[in-house]
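Participant: Enclosed is the structure file run-v9.cif (mmCIF, C-alpha atoms and all ligand atoms).
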data_structure
loop_
_atom_site.label_atom_id
_atom_site.label_comp_id
_atom_site.auth_asym_id
_atom_site.auth_seq_id
_atom_site.Cartn_x
_atom_site.Cartn_y
_atom_site.Cartn_z
CA MET A 1 -16.52 2.76 -3.37
CA LYS A 2 -13.42 0.68 -3.97
CA PHE A 3 -10.64 -0.14 -1.50
CA GLU A 4 -8.27 2.75 -2.28
CA THR A 5 -11.09 5.29 -1.94
CA LEU A 6 -12.52 3.74 1.23
CA ALA A 7 -9.08 3.84 2.85
CA ILE A 8 -9.03 7.59 2.36
CA ARG A 9 -12.69 8.48 2.84
CA ALA A 10 -14.59 5.86 4.91
CA GLY A 11 -15.44 7.41 8.27
CA GLN A 12 -13.35 10.43 7.29
CA ASP A 13 -15.80 13.13 6.22
CA PRO A 14 -14.70 16.76 6.67
CA ASP A 15 -14.94 17.89 10.27
CA PRO A 16 -18.51 19.15 10.78
CA ASP A 17 -17.46 22.18 12.87
CA THR A 18 -14.40 23.47 11.03
CA GLY A 19 -14.38 21.82 7.62
CA SER A 20 -10.96 20.30 8.37
CA VAL A 21 -10.32 17.83 5.56
CA ILE A 22 -8.34 15.59 7.90
CA VAL A 23 -10.06 14.05 10.91
CA PRO A 24 -8.75 16.16 13.83
CA ILE A 25 -6.88 14.73 16.79
CA TYR A 26 -9.61 15.09 19.41
CA GLN A 27 -7.08 15.02 22.23
CA THR A 28 -9.58 15.14 25.07
CA SER A 29 -10.54 12.75 27.82
CA THR A 30 -14.07 14.07 28.23
CA PHE A 31 -16.84 15.95 26.41
CA TYR A 32 -18.96 18.88 27.58
CA GLN A 33 -22.66 18.11 28.01
CA LYS A 34 -25.23 20.87 27.44
CA SER A 35 -27.99 19.30 29.45
CA LEU A 36 -28.54 16.70 32.11
CA ASP A 37 -31.54 15.46 30.17
CA LYS A 38 -29.80 14.70 26.91
CA PHE A 39 -26.12 13.77 26.62
CA GLY A 40 -24.23 14.31 23.35
CA GLN A 41 -22.82 11.61 21.09
CA TYR A 42 -19.57 11.46 23.08
CA GLU A 43 -19.15 11.48 26.86
CA TYR A 44 -15.74 10.13 27.82
CA SER A 45 -12.90 8.99 25.56
CA ARG A 46 -12.62 5.45 26.91
CA SER A 47 -16.21 4.89 25.77
CA GLY A 48 -15.83 6.75 22.50
CA ASN A 49 -13.84 9.47 20.76
CA PRO A 50 -14.35 10.95 17.26
CA THR A 51 -10.77 10.24 16.11
CA ARG A 52 -11.02 6.64 17.26
CA ARG A 53 -14.47 6.38 15.73
CA ALA A 54 -13.09 7.42 12.33
CA LEU A 55 -10.40 4.73 12.55
CA GLU A 56 -12.89 2.06 13.61
CA THR A 57 -15.23 2.94 10.76
CA ALA A 58 -12.43 2.96 8.19
CA ILE A 59 -11.00 -0.44 9.20
CA ALA A 60 -14.47 -2.01 9.31
CA SER A 61 -15.22 -0.75 5.83
CA LEU A 62 -11.93 -2.08 4.41
CA GLU A 63 -12.67 -5.54 5.81
CA GLY A 64 -16.25 -5.36 4.52
CA GLY A 65 -17.66 -5.57 8.06
CA LYS A 66 -20.36 -3.59 9.86
CA HIS A 67 -18.49 -2.81 13.06
CA GLY A 68 -14.93 -1.97 14.03
CA LEU A 69 -13.30 -1.68 17.42
CA ALA A 70 -9.83 -0.28 18.07
CA TYR A 71 -7.54 -1.42 20.88
CA ALA A 72 -4.26 -0.46 22.50
CA SER A 73 -2.49 -3.41 20.80
CA GLY A 74 -3.14 -6.48 18.71
CA SER A 75 -2.89 -8.47 21.92
CA ALA A 76 -5.55 -6.29 23.57
CA ALA A 77 -7.75 -6.92 20.51
CA THR A 78 -7.15 -10.67 20.97
CA VAL A 79 -8.23 -10.40 24.61
CA GLY A 80 -11.24 -8.36 23.51
CA VAL A 81 -12.37 -11.33 21.41
CA LEU A 82 -11.39 -14.11 23.83
CA GLN A 83 -13.47 -12.29 26.44
CA LEU A 84 -16.53 -13.65 24.61
CA LEU A 85 -15.72 -17.06 26.15
CA LYS A 86 -16.83 -18.39 29.51
CA PRO A 87 -15.24 -21.02 31.75
CA GLY A 88 -16.08 -24.45 30.35
CA ASP A 89 -15.99 -23.26 26.73
CA HIS A 90 -13.66 -24.91 24.25
CA VAL A 91 -11.55 -23.28 21.51
CA VAL A 92 -10.19 -24.97 18.42
CA ALA A 93 -7.05 -23.04 17.52
CA GLY A 94 -4.59 -23.33 14.66
CA GLN A 95 -1.36 -25.20 15.37
CA ASP A 96 0.98 -22.34 14.65
CA LEU A 97 -0.40 -19.17 16.17
CA TYR A 98 1.32 -15.89 16.88
CA GLY A 99 3.38 -16.55 20.03
CA GLY A 100 1.50 -13.97 22.09
CA THR A 101 -1.88 -15.50 21.21
CA TYR A 102 -0.59 -18.96 22.18
CA ARG A 103 0.72 -17.48 25.44
CA LEU A 104 -2.67 -15.93 26.23
CA LEU A 105 -4.50 -19.21 25.59
CA GLU A 106 -1.96 -21.33 27.48
CA SER A 107 -1.04 -19.11 30.41
CA VAL A 108 -4.13 -16.97 30.95
CA TYR A 109 -7.29 -18.53 29.53
CA LYS A 110 -6.57 -22.19 30.38
CA GLY A 111 -6.14 -21.04 33.97
CA ILE A 112 -9.69 -19.69 34.06
CA GLY A 113 -11.23 -22.84 32.65
CA ILE A 114 -11.17 -22.28 28.88
CA GLU A 115 -10.21 -25.48 27.07
CA VAL A 116 -8.04 -25.31 23.95
CA THR A 117 -7.22 -27.86 21.25
CA TYR A 118 -4.54 -27.02 18.69
CA ALA A 119 -5.77 -28.52 15.47
CA ASN A 120 -4.36 -29.29 12.07
CA THR A 121 -6.14 -26.64 10.01
CA TYR A 122 -4.48 -27.76 6.76
CA ASP A 123 -6.39 -31.03 6.59
CA ILE A 124 -10.15 -30.54 7.00
CA SER A 125 -10.92 -34.14 8.04
CA GLU A 126 -8.26 -33.91 10.77
CA PHE A 127 -9.50 -30.44 11.73
CA LYS A 128 -13.08 -31.71 12.22
CA LYS A 129 -11.90 -34.19 14.86
CA ALA A 130 -10.89 -31.37 17.20
CA PHE A 131 -14.48 -30.25 17.80
CA ARG A 132 -16.39 -31.01 21.01
CA LYS A 133 -19.89 -30.30 22.28
CA ASN A 134 -18.61 -27.20 24.08
CA THR A 135 -16.59 -25.75 21.17
CA LYS A 136 -17.53 -22.06 20.99
CA MET A 137 -14.71 -20.57 18.95
CA VAL A 138 -12.27 -21.36 16.15
CA TRP A 139 -9.13 -19.22 15.91
CA ILE A 140 -6.70 -19.27 13.01
CA GLU A 141 -4.05 -17.26 11.23
CA SER A 142 -3.52 -17.62 7.51
CA PRO A 143 -0.78 -17.35 6.35
CA THR A 144 1.04 -18.44 9.49
CA ASN A 145 4.12 -16.98 11.05
CA PRO A 146 6.92 -17.67 10.12
CA LEU A 147 6.45 -20.48 7.54
CA LEU A 148 3.52 -18.92 5.65
CA LYS A 149 1.28 -21.99 5.68
CA ILE A 150 -2.20 -21.39 4.38
CA SER A 151 -5.52 -22.78 5.62
CA ASP A 152 -8.68 -22.97 3.54
CA ILE A 153 -10.75 -20.26 5.22
CA ALA A 154 -14.04 -21.02 3.42
CA LYS A 155 -13.89 -24.72 4.36
CA ILE A 156 -13.03 -23.98 7.97
CA ALA A 157 -15.91 -21.49 8.07
CA GLU A 158 -18.34 -24.23 7.01
CA VAL A 159 -17.15 -26.57 9.76
CA ALA A 160 -17.24 -23.79 12.38
CA LYS A 161 -20.75 -22.83 11.30
CA SER A 162 -22.02 -26.42 11.52
CA HIS A 163 -20.85 -26.42 15.17
CA LYS A 164 -22.24 -22.92 15.84
CA ALA A 165 -18.75 -21.79 16.82
CA LEU A 166 -17.56 -18.22 16.18
CA PHE A 167 -14.80 -18.24 13.57
CA VAL A 168 -11.99 -15.77 14.21
CA VAL A 169 -9.24 -15.00 11.69
CA ASP A 170 -6.16 -13.00 12.61
CA ASN A 171 -5.65 -11.14 9.32
CA THR A 172 -2.53 -9.22 10.36
CA PHE A 173 -0.15 -10.79 7.83
CA LEU A 174 -2.07 -9.88 4.67
CA SER A 175 -4.17 -6.89 5.74
CA PRO A 176 -7.62 -6.43 4.14
CA TYR A 177 -5.90 -5.36 0.93
CA PHE A 178 -4.87 -8.95 0.18
CA GLN A 179 -7.46 -10.98 2.10
CA LYS A 180 -11.03 -10.43 3.33
CA PRO A 181 -11.88 -13.33 5.63
CA LEU A 182 -15.43 -12.07 6.35
CA SER A 183 -16.25 -12.60 2.67
CA LEU A 184 -14.96 -16.19 3.02
CA GLY A 185 -17.25 -16.90 5.98
CA ALA A 186 -15.30 -15.76 9.05
CA ASP A 187 -17.25 -14.06 11.86
CA ILE A 188 -14.56 -11.92 13.49
CA ILE A 189 -11.31 -10.39 12.19
CA VAL A 190 -8.42 -9.50 14.47
CA HIS A 191 -5.57 -7.17 13.52
CA SER A 192 -2.37 -6.04 15.02
CA THR A 193 -2.56 -2.59 13.40
CA THR A 194 1.04 -2.22 14.57
CA LYS A 195 1.97 -4.03 11.35
CA TYR A 196 0.68 -3.22 7.83
CA ILE A 197 -2.38 -1.16 8.72
CA ALA A 198 -0.46 1.61 10.49
CA GLY A 199 2.53 0.55 8.41
CA HIS A 200 5.31 2.81 9.68
CA SER A 201 6.53 1.01 12.82
CA ASP A 202 5.60 4.00 14.96
CA ILE A 203 2.64 2.79 17.04
CA ILE A 204 1.31 -0.29 18.84
CA GLY A 205 -2.35 -0.92 18.09
CA GLY A 206 -5.04 -3.47 17.40
CA ALA A 207 -8.48 -3.78 15.86
CA VAL A 208 -11.44 -6.13 15.61
CA VAL A 209 -14.03 -6.19 12.83
CA THR A 210 -17.31 -8.11 12.79
CA SER A 211 -20.80 -8.06 11.30
CA ASP A 212 -22.17 -10.28 14.09
CA GLU A 213 -24.39 -7.95 16.16
CA GLU A 214 -24.37 -10.05 19.31
CA ALA A 215 -20.58 -10.51 19.35
CA PHE A 216 -20.11 -6.80 18.56
CA LYS A 217 -22.34 -5.73 21.45
CA ALA A 218 -20.44 -7.92 23.89
CA MET A 219 -17.01 -6.81 22.61
CA LYS A 220 -18.03 -3.14 22.59
CA PHE A 221 -19.18 -3.49 26.20
CA TYR A 222 -15.87 -5.11 27.16
CA GLN A 223 -13.81 -2.55 25.20
CA ASN A 224 -15.26 0.14 27.46
CA ALA A 225 -15.34 -1.97 30.62
CA GLY A 226 -11.79 -3.34 30.23
CA GLY A 227 -10.55 -0.05 28.82
CA ALA A 228 -7.62 -1.26 26.66
CA VAL A 229 -8.28 1.50 24.13
CA PRO A 230 -5.63 3.22 22.00
CA GLY A 231 -4.54 6.78 22.68
CA ILE A 232 -6.01 9.45 20.42
CA LEU A 233 -2.73 10.36 18.74
CA ASP A 234 -2.09 6.67 17.98
CA CYS A 235 -5.56 6.44 16.41
CA TRP A 236 -4.74 9.41 14.21
CA LEU A 237 -1.34 7.99 13.16
CA THR A 238 -2.98 4.66 12.35
CA LEU A 239 -5.62 6.42 10.29
CA ARG A 240 -2.90 8.32 8.44
CA GLY A 241 -1.05 5.08 7.74
CA LEU A 242 -4.23 3.35 6.61
CA LYS A 243 -4.78 5.87 3.80
CA THR A 244 -1.76 4.50 1.89
CA LEU A 245 -2.33 0.81 2.68
CA ALA A 246 -3.10 -0.10 -0.95
CA VAL A 247 -0.03 1.54 -2.50
CA ARG A 248 2.22 0.21 0.24
CA MET A 249 0.96 -3.35 -0.10
CA LYS A 250 1.53 -3.32 -3.87
CA GLU A 251 5.15 -2.24 -3.39
CA HIS A 252 5.68 -4.63 -0.46
CA GLU A 253 4.48 -7.47 -2.64
CA ALA A 254 6.42 -6.56 -5.77
CA ASN A 255 9.65 -6.38 -3.74
CA SER A 256 8.82 -9.68 -2.01
CA ILE A 257 8.22 -11.60 -5.22
CA TYR A 258 11.46 -10.25 -6.65
CA LEU A 259 13.50 -11.15 -3.56
CA ALA A 260 11.85 -14.54 -3.00
CA LYS A 261 12.71 -15.60 -6.56
CA TRP A 262 16.25 -14.31 -6.23
CA LEU A 263 16.76 -16.06 -2.88
CA GLN A 264 15.43 -19.29 -4.30
CA SER A 265 18.21 -19.34 -6.87
CA HIS A 266 20.98 -18.51 -4.37
CA PRO A 267 23.36 -21.40 -3.57
CA LYS A 268 23.50 -20.54 0.15
CA ILE A 269 19.69 -20.76 0.57
CA ARG A 270 18.20 -24.21 1.15
CA LYS A 271 14.54 -23.31 0.96
CA VAL A 272 12.39 -20.20 0.58
CA PHE A 273 8.92 -19.90 2.08
CA TYR A 274 6.70 -17.45 0.21
CA PRO A 275 3.15 -18.22 -0.98
CA GLY A 276 3.76 -16.24 -4.18
CA LEU A 277 6.28 -18.84 -5.38
CA PRO A 278 4.70 -21.57 -7.53
CA THR A 279 6.81 -24.07 -5.53
CA HIS A 280 5.07 -23.08 -2.25
CA GLU A 281 2.93 -25.98 -1.00
CA ASN A 282 -0.21 -23.78 -0.77
CA HIS A 283 0.37 -21.56 -3.81
CA GLU A 284 -2.91 -22.57 -5.52
CA LEU A 285 -4.98 -22.06 -2.37
CA ALA A 286 -3.30 -18.69 -1.83
CA LYS A 287 -4.24 -17.65 -5.36
CA LYS A 288 -7.83 -18.73 -4.75
CA GLN A 289 -8.57 -17.03 -1.44
CA GLN A 290 -6.14 -14.10 -1.42
CA THR A 291 -5.71 -11.20 -3.82
CA GLY A 292 -1.97 -11.03 -3.12
CA PHE A 293 0.79 -12.88 -1.31
CA GLY A 294 2.00 -10.40 1.28
CA ALA A 295 5.52 -9.40 2.18
CA VAL A 296 6.88 -11.87 4.71
CA VAL A 297 9.53 -14.13 3.20
CA SER A 298 11.20 -16.81 5.30
CA ALA A 299 14.18 -18.96 4.39
CA TYR A 300 16.34 -21.83 5.58
CA LEU A 301 19.97 -20.84 5.19
CA ASP A 302 22.69 -23.29 4.46
CA GLY A 303 24.18 -23.98 7.89
CA GLY A 304 22.97 -23.46 11.45
CA TYR A 305 22.99 -20.88 14.23
CA ASP A 306 26.43 -19.45 13.39
CA GLU A 307 25.55 -18.84 9.75
CA ALA A 308 22.17 -17.34 10.68
CA LYS A 309 23.80 -15.06 13.25
CA LYS A 310 26.35 -13.82 10.72
CA PHE A 311 23.66 -13.26 8.12
CA CYS A 312 21.41 -11.26 10.49
CA GLU A 313 24.30 -9.18 11.81
CA ASN A 314 25.84 -8.53 8.38
CA LEU A 315 22.68 -7.04 6.91
CA LYS A 316 22.78 -3.26 6.66
CA ILE A 317 19.44 -2.19 5.19
CA PHE A 318 17.38 -5.02 6.70
CA MET A 319 17.41 -4.19 10.40
CA LEU A 320 17.50 -6.94 13.02
CA ALA A 321 14.31 -6.29 14.96
CA GLU A 322 11.03 -7.85 16.09
CA SER A 323 7.83 -6.99 14.21
CA LEU A 324 6.91 -6.65 10.54
CA GLY A 325 4.69 -4.69 8.22
CA GLY A 326 6.49 -1.36 8.26
CA VAL A 327 7.87 0.50 5.24
CA GLU A 328 11.40 -0.44 6.33
CA SER A 329 12.77 -3.95 5.83
CA LEU A 330 13.45 -6.02 8.94
CA VAL A 331 15.04 -9.38 9.58
CA CYS A 332 13.91 -11.56 12.45
CA TYR A 333 15.46 -14.70 13.92
CA PRO A 334 12.38 -16.64 15.06
CA VAL A 335 14.18 -19.03 17.46
CA LYS A 336 15.39 -16.17 19.65
CA MET A 337 12.78 -13.52 18.82
CA SER A 338 9.19 -14.04 17.65
CA HIS A 339 9.03 -17.71 18.73
CA ALA A 340 11.24 -17.63 21.82
CA VAL A 341 8.19 -18.29 24.05
CA LEU A 342 7.76 -21.77 22.53
CA SER A 343 9.66 -24.80 23.83
CA GLU A 344 12.38 -26.12 21.51
CA GLU A 345 10.26 -29.22 20.90
CA ASP A 346 7.27 -27.12 19.82
CA ARG A 347 9.49 -24.98 17.61
CA LEU A 348 10.96 -27.99 15.84
CA LYS A 349 7.47 -29.44 15.32
CA GLN A 350 6.61 -26.23 13.47
CA GLY A 351 9.80 -26.28 11.42
CA ILE A 352 11.37 -23.35 13.29
CA THR A 353 14.98 -24.46 13.14
CA ALA A 354 18.33 -22.77 13.90
CA ASN A 355 18.88 -21.89 10.22
CA LEU A 356 15.51 -20.14 9.76
CA VAL A 357 15.35 -16.39 9.17
CA ARG A 358 12.25 -14.29 8.50
CA LEU A 359 12.29 -11.16 6.38
CA SER A 360 9.68 -8.43 6.54
CA VAL A 361 10.21 -6.90 3.12
CA GLY A 362 9.77 -3.13 3.08
CA ILE A 363 9.24 -0.70 0.25
CA GLU A 364 12.82 0.46 -0.28
CA ASN A 365 14.37 0.01 -3.74
CA LYS A 366 14.38 -3.70 -4.57
CA GLU A 367 17.92 -3.68 -6.01
CA ASP A 368 19.26 -2.16 -2.79
CA LEU A 369 17.47 -4.88 -0.83
CA LYS A 370 18.83 -7.61 -3.10
CA ASP A 371 22.39 -6.23 -2.85
CA ASP A 372 22.08 -6.16 0.93
CA LEU A 373 20.98 -9.80 1.07
CA ALA A 374 23.73 -10.74 -1.39
CA GLN A 375 26.53 -9.14 0.63
CA ALA A 376 25.23 -10.67 3.87
CA LEU A 377 25.11 -14.13 2.30
CA ASP A 378 28.52 -13.81 0.67
CA ASN A 379 30.32 -12.62 3.78
C1 LIG A 401 2.10 -8.69 16.16
C2 LIG A 401 0.99 -9.66 16.06
C3 LIG A 401 0.00 -9.77 17.06
C4 LIG A 401 0.06 -8.98 18.34
O1 LIG A 401 -0.04 -7.63 18.13
P1 LIG A 401 0.60 -6.51 19.08
O2 LIG A 401 0.18 -5.25 18.45
O3 LIG A 401 2.09 -6.72 19.08
O4 LIG A 401 0.04 -6.72 20.45
C5 LIG A 401 -1.03 -10.67 16.85
N1 LIG A 401 -1.09 -11.43 15.74
C6 LIG A 401 -0.15 -11.37 14.77
C7 LIG A 401 -0.26 -12.25 13.58
C8 LIG A 401 0.91 -10.49 14.90
O5 LIG A 401 1.86 -10.44 13.94
#
Is it possible to express this structure as structure tokens?

Facilitator:
Amino acid sequence: MKFETLAIRAGQDPDPDTGSVIVPIYQTSTFYQKSLDKFGQYEYSRSGNPTRRALETAIASLEGGKHGLAYASGSAATVGVLQLLKPGDHVVAGQDLYGGTYRLLESVYKGIGIEVTYANTYDISEFKKAFRKNTKMVWIESPTNPLLKISDIAKIAEVAKSHKALFVVDNTFLSPYFQKPLSLGADIIVHSTTKYIAGHSDIIGGAVVTSDEEAFKAMKFYQNAGGAVPGILDCWLTLRGLKTLAVRMKEHEANSIYLAKWLQSHPKIRKVFYPGLPTHENHELAKKQQTGFGAVVSAYLDGGYDEAKKFCENLKIFMLAESLGGVESLVCYPVKMSHAVLSEEDRLKQGITANLVRLSVGIENKEDLKDDLAQALDN
């Protein structure tokens, strides 16, 4: 079956007891057992629940992986993967990670003896230098937040494999509709399902997908032991969102291409960052390893903090808010929002300056979105 069909049917057969076409919300903490000698498929909802199971199966199938695990947030999914490491292990991580992932590595995992090197993942010969004897994991995001830089996933996979390190890709920004890192050689996929997968800005959730049996067994054990599982209703909402992932992503992308091109020609915009633009530094690589360009568009405005503040506050349809990936358009000011946890020095190294704004382009009418940007820039 193809993507659109899998999104609606994978793991989502009619309910065996009632015939319900939609997977029911099995809002229960525990399951009745008929006999002490033989327990049923489900015992207790931290360990497993049919609604969560449907979600895990669906996400795994969309990523082309064998196993899926759902978590209470993308950050809990990140912890679920990092838990595979032991003190003394070394991680090679991308230079510009999601702020919360960086915070976990720096402020939690370094403290328990996990070593981390932030490597240049855009230049493979530089990237290779970051490896050590004890390197057990490689962690990247592609495209990155907020400047949409792209790493060559297949090449990184080769290097990781030659060092027997698990290769993790946070695929939140593109969703499996536009990128399937497992097919490019990654071992583990992490998602904040809060973003495109659930897609309606109404839940916090996370997921992990892998075909590596050993890693799956260990993460499944920790998912139950640590217990950072999503609530049943959130699983059901995520599953409902997932069904329309393909149609949403197409609209998100069409609007983004339209707005990125328009912004590029606007006199008050200095530079637009969007991998779908032929002028983007990684446009060719994006075309090769992705099936679409996503819907995050960042831009340097003409001016500094004052101009950026006016722009963000003048917007009427784009709402000033953290997060991305929902049907509604949002604007984010990375210096004070998504990347506030970084030092100013680290921000500047990444190109996160006072005139940078990040748009999460929604699926409203593209002319309305353009008019909103135009009035905010003109005022
Ligand atoms: C939002 C996000 C996360 C964290 O997910 P939460 O659901 O907020 O915990 C991780 N990675 C990326 C790329 C994200 O955008």

Participant: Within 6 Å of ligand LIG 401 (chain A), counting all atoms listed in the file: which residues, as JSON, numbers by chain?

Facilitator: {"A": [73, 74, 75, 98, 172, 173, 192, 194, 204, 205, 206]}

Participant: Return as a tab-separated table the residues of range 233-302 of chain A lying at most 8 Å from range 342-355 of chain A, together with the closest atom-to-atom pair for each and the distance in Å to one decimal, counting all atoms listed in the file, with rows in chain order and ascending residue number.

Facilitator:
residue	atom	partner	partner_atom	distance
A:Tyr300	CA	A:Asn355	CA	5.3
A:Leu301	CA	A:Asn355	CA	5.3
A:Asp302	CA	A:Asn355	CA	7.0

Participant: Keeping C-alpha atoms for every residue in the selection just given, could you write it to a file as a short mmCIF file (atom, residue, chain, number, x, y, z; two decimals), in the coordinates of the input?

Facilitator:
data_model
loop_
_atom_site.label_atom_id
_atom_site.label_comp_id
_atom_site.auth_asym_id
_atom_site.auth_seq_id
_atom_site.Cartn_x
_atom_site.Cartn_y
_atom_site.Cartn_z
CA TYR A 300 16.34 -21.83 5.58
CA LEU A 301 19.97 -20.84 5.19
CA ASP A 302 22.69 -23.29 4.46
#

Participant: Please determine, counting all atoms listed in the file, which residue among A:Val331, A:Leu184, A:Leu55, A:Met1 has the shortest atom-to-atom distance to Gly241 in chain A.

Facilitator: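 Smallest separation from Gly241 in chain A among the options: A:Leu55.
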
Participant: Work out how far apart CA of Ile363 in chain A and CA of Leu147 in chain A are and give it in Å to one decimal.

Facilitator: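 A separation of 21.3 Å between them.
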
Participant: List the neighbours of range 252-260 of chain A out to 7 Å using only C-alpha atoms; skip same-chain residues closer than 6 positions along the sequence, and give me the result as a ChimeraX atom specification.

Facilitator: /A:272,274,276,293-295,297,361-363,366,370

Participant: Excluding same-chain residues fewer than 5 positions from range 210-224 of chain A, what lies within 6 Å of it counting only C-alpha atoms, as a PyMOL selection string?

Facilitator: chain A and resi 46-47+65-67+188

Participant: Can you work out the spacing between CA of Tyr333 in chain A and CA of Arg358 in chain A in Å, to one decimal?

Facilitator: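 CA of Arg358 in chain A lies 6.3 Å from CA of Tyr333 in chain A.
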
Participant: Suppose you want the space between CA of Val138 in chain A and CA of Phe167 in chain A; what is it in Å?

Facilitator: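 Answer for the CA of Val138 in chain A to CA of Phe167 in chain A separation: 4.8 Å.
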
Participant: Which residue out of A:Asp372, A:Asp378, A:Glu4, A:Asp152 has the minimum interatomic distance to Met319 in chain A when only C-alpha atoms are used?

Facilitator: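 Using only C-alpha atoms, Met319 in chain A sits closest to A:Asp372.
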
Participant: So that I can see what lies close to Ile140 in chain A, please list as a ChimeraX atom specification the residues with an atom at most 8 Å from it, counting all atoms listed in the file and leaving out residues fewer than 6 positions away in the same chain.

Facilitator: /A:93-94,97,121,168-170

Participant: With distances taken over only C-alpha atoms, which of A:Arg9, A:Asp371, A:Ile203, A:Leu263 is nearest to Leu233 in chain A?

Facilitator: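 Nearest to Leu233 in chain A: A:Ile203.
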
Participant: Which residue out of A:Leu237, A:Val81, A:Ala160, A:Leu373 has the minimum interatomic distance to Ile22 in chain A when all atoms listed in the file are used?

Facilitator: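 For Ile22 in chain A, the nearest of the candidates is A:Leu237.
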
Participant: For each of A:Pro176, A:Lys86, A:Gly231, A:Phe131, take the minimum atom-to-atom distance to Ser45 in chain A, counting only C-alpha atoms, then give the residue where this is smallest.

Facilitator: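 Smallest distance to Ser45 in chain A is found for A:Gly231.
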
Participant: Hey, which of A:Leu356, A:Pro230, A:Ala58, A:Ala119 ends up closest to Lys271 in chain A? Count all atoms listed in the file.

Facilitator: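 Using all atoms listed in the file, Lys271 in chain A sits closest to A:Leu356.
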